[in-house]
Amino acid sequence: MNLRGDYRSTPIAERAAIVERFQTNLKGPKQFALLVLSPKAAGAGLTLTAATHIIHLSRWWNPAVEEQCNDRAHRIGQPRPVCIHIPMAVHSGYLEQSFDCLLHVLMTRKRQLAQSTLWPTGSNNDMVTGLRAGLFTSSAVGVRGHQQDTINAVMQSLSEKTNEILRLDDQEGRYRIER
């Protein structure tokens with residue numbers, strides 16, 4: 001199921017029918033439904049408690065838009081855990097300076113800055129200085145070898161820059177962010 005282009009171009013009744021089909025499509029434990037939405041459409045007042053996985057294929061520059069999208073599945077009535085997936089392309093030559101890594105650091109810092117603005121926990125000047133240092137300086141990881149070692153080093157560097165705890169979650173190389 002897919003909402004056409006701009007979510008506003010899909011009539012409300014059709015939108016409601018699409019969401020209803022998605023919510024009620026699961027008839028057995030081995031069945032699944034797929035709903036492809038842009039972050040803007042997914043964050044526009046939908047309740048998708050049948051969703052157990054959210055995949056951000058295209059990151060949105062405003063972290064609040066992504067959070068709103070994630071919140072659509074974390075609604076009252078959601079009986080199962082929801083996993084948020086953020087695929088990241090890490091260039092072998094740029095490592096943690098790859099675009100996806102820099103964007104993740106930027107968005108994490110924006111979230112932290114928004115939280116500290118609402119609930120002051122430290123110096124905003126330190127955050128701004130750290131953001132500038134993280135974006136405009138290059139740090140060498142020093143790992144050139146096995147691909148997983150390189151990815152582990154990049155993720156460790158991201159963990160240090162964002163103050164997030166990134167844990168290797170499984171044998172397939174997925175990382176879990178613990179907050």
# chains A, B, ... in the order shown; residues from 1 in each chain; ligands from 1
call {"tool": "select_by_dssp", "arguments": {"residues": "segment 54-92 of chain A", "states": "strand (DSSP E or B)", "output": "ChimeraX atom specification"}}
result
/A:54-55,83-85
call {"tool": "write_last_selection", "arguments": {"atoms": "N, CA and C atoms", "output": "compact mmCIF listing (two decimals), in the first residue's frame"}}
result
# COMPACT_ATOMS: atom_id res chain seq x y z
N ILE A 54 10.16 0.46 11.56
CA ILE A 54 10.17 1.70 10.79
C ILE A 54 11.55 1.82 10.18
N ILE A 55 11.61 2.03 8.90
CA ILE A 55 12.89 2.15 8.20
C ILE A 55 12.97 3.54 7.59
N CYS A 83 10.90 -1.37 16.30
CA CYS A 83 12.32 -1.17 15.98
C CYS A 83 12.44 -0.08 14.92
N ILE A 84 13.31 0.88 15.18
CA ILE A 84 13.58 1.94 14.22
C ILE A 84 14.89 1.60 13.53
N HIS A 85 14.89 1.53 12.21
CA HIS A 85 16.08 1.19 11.43
C HIS A 85 16.54 2.43 10.66
call {"tool": "closest_atom_pairs", "arguments": {"of": "segment 38-81 of chain A", "to": "segment 98-108 of chain A", "cutoff": "8 Å", "atoms": "only C-alpha atoms", "output": "JSON lines"}}
result
{"residue": "A:Trp61", "atom": "CA", "partner": "A:Met107", "partner_atom": "CA", "distance": 7.1}
{"residue": "A:Asn62", "atom": "CA", "partner": "A:Met107", "partner_atom": "CA", "distance": 7.3}
{"residue": "A:Pro63", "atom": "CA", "partner": "A:Met107", "partner_atom": "CA", "distance": 5.9}
call {"tool": "atom_distance", "arguments": {"atom1": "atom CA of Met88 of chain A", "atom2": "atom CA of Met155 of chain A"}}
result
10.5 Å
